[in-house]
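Chemist: So that we are looking at the same thing, I have put the structure below in structure tokens.
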Amino acid sequence: MNRRTFLRAGGVSMALPMLQSMEPRRAQAAESKADVRRMVAICAPLGIHTPNLFPKTTGADYEETPYLEPLHGAGVKDKFSVISGLMHPLVDGGHHAERSFLTGAAHPGQPSFRNTISVDQYAAERIGHLTRFPFLTLSANSNGISYTRSGVQIPAEQRPSRIFKRLFLEGTEAEKSAQLGRIKDGQSIMDLVAGQTRSLARKIGREDHETLDQYFTSVREVEQRLIRAEDWVKQPKPKVNVPPPKDIEDRANFTGRMELMFDLMHLALQTDSTRLITLKGAGGNEVVNLRGIDDGWHNLSHHGKDPNKIKQLSIIEREEMRLFGSFLKKLEETKEGGCALLDKTSVLLGSNLGNASSHNNTNLPIVVAGGGFKHGRHLAFDPAKPPPLCNLYVSFLQGLGLEIGEFSSGTGTLRGLT
Amino acid sequence: MPSIRATVLLSALLASGALAQEPKDFLARHCLDCHDADLQKGGLRLDTLSLPTKAPHTADTWSKVVSLIESGEMPPAKKPRPKAPVRAAFAAAIGDELAKALYPTPGLRRMNRTEYENTVHDLLGTDTPLSDLLPEDSSVQGFDNVATGLGISSILMERYLEAANAAFEGAIRRIRPAPAATRRAVLMERKENIESVDKKKGGVIEVGGAFVDFTPGWPPARIDSAHPIEDGVYRCRAAVFPHEPGGHRTLTVAVFTGPLFGDGKRVLQGIYDVGGTPENPRIIEFTTRMKEGHTLHILPWVFPEHVTWRDKHEERPGVGILWAETHGPLDQAFPAASQRTLFGNSATLRMVEGESYYIRHRRGVKRQHVESDSPREDVERIIRELAPRAFRRPVEKDLVDQFVGLALARLDEGGSFEQAVRAGVSALLCSPHFLLVNRHPEVDDYEIASRLSYFLWSSMPDGVLLKLAAAGRLSDPKIRRAQVERMLADPKRERFVENFTGQWLNLRDIEFTTPDKKLYPEFDELLLRSMLAETHGFFRHILTNDLSVVNFVDSDFAILNQRLADHYGIQGVKGHEKLRVVQLPTDSMRGGVMAQASVLKVTANGTSTSPVLRGVWALDKLLGQPASAPPSGVPAVEPDIRGATTIREQLDKHRDIASCARCHVRIDPPGFAMEQFNAIGGEREYYRSLGKNRQGRVKNTVYYVGPDVEKGGQWEDGTKFGGFREFRRQMAAKPDLVARSLAEKLLIYGTGRPVGLADRAAVEEIVAQAKAQGLGLRSMIHAVVESDLFLRP
């Protein structure tokens, strides 16, 4: 049985890649700093109005659209591609499809839906051990978009101040020693619990029981992670020349909140604190405080073709694109070994909704930047014969240096990206 | 581990001879034309599908096949279709095979995060919020407590470590409480309020020595001198009276507790009708836990809303607030009661003062921690006492020794007494013996105690249940019955009411969208809260009185307050604070959950309604025949609120596509029946539109009269209905369908296992038993508890 079947079977038992990543860090010290690869995936939960995004013409000299204009304005025209005509096969259910955005798992709206691993976690199992934080799952809007092998949603961090503290602030000696104490406690607790799980399985007489299996595997993983955490506590955190951010509670201040997130993401990548970041963007019932907006964002996205609503929605989404553009620009301007950080970071901005007003999950809005891919074009696929969006994820995984030919519904790399 | 792929491919069903002849013939006659090696329509091939096995793949496929055949979606209309009894026989045969293969469906599962929080709270006597520390649970068959949906990952396990730590910390009170004191604020003695009145901020005025506020917005009614100066439980009171309420209005205030400024979480304490006079005001009173410096937000919720430019015929209605006070902390115990529960009352324990602790209004306060004069003995005693309660059953000595050993080792390494107890307690709370339910191979009395309590209380069994279990009494159905009655009379049943209805009817999504302000100007928070209270109250009323479950489809009563009654156009209900049972006239549009605003809101998107979403909702929730997912590549119907095309026109186009029609003949009837209600549950004759048109604007609003609402339709079998009421009558005439659907949901929720084709017999048994009691909801719950599915390993 190959590894794929193994994983498909629903995360039963221990999967191989994890063992690999459990090797002590020392074994992988040989990795060259020069070729560090990264990935960022952002989901806009309320969609992106595609008539304002997709150019009517394809290829390199596509005509500028209202949403691409801010990206061009940021001076990164040659560093991104806009892609139309993609979707996740069998992924439907309107807003529910958000859960499958990075996993590709079928029918997320069905009452018995079970998720699979998200692309960032798939990568984290393989390269996560190389950095202090194997991954960051962030959210400007409650839940995140990353899922573990067993389909468990990973709680997302929403407070920039907390993320900053975890990434960059050294605790006092007393705090560090308390933290070490808790890590030690955790280690012995996990050890005890692992033994109990095994004997419980024996007693029940169903040693192949999935729940107990997952329990045991999880406990072992935490043990390994605590060992690494112990290592990291002893090493100094990277120093950054930026004051700690102040959280903005007011959701209406969409610009301010997103700027904080993007700045942190940039810092985290620049300092190599992590190489894998997912972000669920903003978008709820708030009335965004931009000029010309007087209705809740979620309402505006259900525009029902009302021109006034579309007009207001466009104001918000253009701002969204402008913020994304400044983030790309920052990555472009940060150099690492003579090379732009952006060239080493594959960035995705997209949505699970192709049309937020009808809650359609086809012809998804997708923008891909950086990562050394072939850019500066409108890559148009036929929405009637869409390649799976997961093909893009295969490209991303390969961009991280992983020898992977398939991921979820993806059967190969996305045509035209390289 | 058995290779899954191998079992799938191993035996070809038709060749194996393992299935009886009739179902084989059925497949050959009705299915294989399209689902064979050559065509494999819809990606489904039935000639090589093996018999149901434990592997979810084949079982799911078989269930799907049977449900499509039973619902009549397959074989397609253009092919010869088997008669109902033939279809039923086929379903039963496959069901038997599934039952053989799947028995027993594992019930072993972890707690979900709601259950985790409740259990820790009940175990330690704390109320520290914990569920937010844990990742969201996923649902199976619509419920988040089902074994197969509750995956475990290392992320979760790390969070359990954190949550255990937070729970332990929450059980210890770190500072000695000050004596209880009353802190009172007279509003017009506070300079902020005086200034607000002087500068006419937000239009506030002074009347009869009171601060009169008109809106829930700025400026806040300041009561700073009543703020608690330390965390604790407080009795809160406020004196309010109505100002210019106008003819038929009942004024209300909503009182929240939370931080004065900022977005911090505010907790709604209640909605109160404002009565009395400045001389003899209404005194609002409630008791709650508050944090240092938190305030009472006393917010006027005025309905009908008064709009200054529009409502010139009346004075502006507002709420006068005279004073507010807090009295406490009422919980004077030190050490805290939760600490005594956890540590016991041994004379060897004492609190020791440590570093200084800053709180604004008290001086010289020191943080305290627990010390012991005989730490080894105390650590051991604490762990040994906690383990059986935490694990909900007697615990073998070997097992407890492990936890004791771990805690003592912490002492031996030089850890403090508290650190040792913390380590031991955290280990208990991370153990599979704590986190897993249904983990015992045999179903003994303790197992039954836990099953009952996780079903009806979403938590661990209480002392009474555990005592009965110890005495071996819970094997007796009579005792079980009495316990179910007791548990449903306990306030903890609210967890069942909320968790079950929240998921069964999707009420948890109630705040997912906010209705469009232009289209639905009459929507307000009072309505939102009333909607939820209505449906919870409706369920509770049916439960308490053991009324027939058919009431969920059609009832001659509703649970209303003035706000809802006004929304529904029902006369004679006064006051918003308390909902009450109201008898409905025979021709009322209301009655049953399909006509409740909460359901009509969660099945709409805030702006527009869709018969498809509502139809899918009704099929799953009330008829128990969920529709299949739409075929991929078919564009969804795009709402159009410009008033140009009607939904019926759009759907008719959709139904011309054969693959759509197959499901839409079932989805559309309930959908169109509910079309007579708008996105917030109001009855409508026409669609509201934002596009200009000849009919013109509706008076005092900014929306226009759109097309007439679509009414009526026909069931799949051709039965026609002219409107919602007729449809509802026809639906209520299918009590078995409704009862079966609800029995299935109760079984899923009650057993924490997926309920499928294999469990058909158990579901029928419950329906039969409940039928003998007039299909009463409580009778149905008793039947669930007595069913094989509930009691099997």
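Just remember, in the structure tokens the first chain shown is A, the second B, etc., residues are 1-based per chain, and ligands are 1-based in the order shown.
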How close does each residue of chain B get to chain A, giving the shortest atom pair and distance in Å to one decimal for every residue with an atom at most 6 Å away, counting only C-alpha atoms, sorted by chain and residue number, as a Markdown table?

Modeler:
| residue | atom | partner | partner_atom | distance |
| --- | --- | --- | --- | --- |
| B:Pro135 | CA | A:Pro155 | CA | 5.1 |
| B:Val140 | CA | A:Ser112 | CA | 3.9 |
| B:Gln141 | CA | A:Pro111 | CA | 4.4 |
| B:Gly142 | CA | A:Pro111 | CA | 4.7 |
| B:Gly151 | CA | A:Ser150 | CA | 5.7 |
| B:Ile152 | CA | A:Gln214 | CA | 5.6 |
| B:Ser153 | CA | A:Ser218 | CA | 5.0 |
| B:Ser154 | CA | A:Ser218 | CA | 4.2 |
| B:Asp263 | CA | A:Glu249 | CA | 5.8 |
| B:Ala427 | CA | A:Ile189 | CA | 5.3 |
| B:Ser431 | CA | A:Val193 | CA | 5.4 |
| B:Pro441 | CA | A:Ile204 | CA | 5.3 |
| B:Ser632 | CA | A:Leu90 | CA | 5.9 |
| B:Ala636 | CA | A:Asn360 | CA | 5.9 |
| B:Glu638 | CA | A:Ser358 | CA | 4.4 |
| B:Pro639 | CA | A:Gly304 | CA | 4.9 |
| B:Asp640 | CA | A:Gly304 | CA | 4.3 |
| B:Ile641 | CA | A:Gly304 | CA | 5.0 |
| B:Arg642 | CA | A:Asp306 | CA | 5.9 |

Chemist: Given only C-alpha atoms as the basis, pick out the residue of A:Ala229, A:Met261, A:Ala140, A:Val368 nearest to Pro245 (chain A).

Modeler: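 The shortest atom-to-atom distance to Pro245 (chain A) comes from A:Met261.
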
Chemist: What is the distance between CA of Gly73 (chain A) and CA of Pro244 (chain A), in Å to one decimal?

Modeler: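 Value for the CA of Gly73 (chain A)-CA of Pro244 (chain A) distance: 28.9 Å.
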
Chemist: Could you give me, as JSON, numbers by chain, the residues within 6 Å of Arg753 (chain B), counting only C-alpha atoms and dropping anything in the same chain fewer than 3 positions from it?

Modeler: {"B": [107, 146, 147, 748]}

Chemist: Please save C-alpha atoms of the selected residues as a PDB file, in the first residue's frame.

Modeler:
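Below is the file again-v1.pdb, written as the result:
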ATOM      1  CA  GLY B 107     -19.345   4.682  20.086  1.00  0.00           C
ATOM      2  CA  VAL B 146     -20.680  12.045  16.807  1.00  0.00           C
ATOM      3  CA  ALA B 147     -17.774   9.628  17.184  1.00  0.00           C
ATOM      4  CA  ILE B 748     -27.610  10.481  16.441  1.00  0.00           C
TER       5      ILE B 748
END
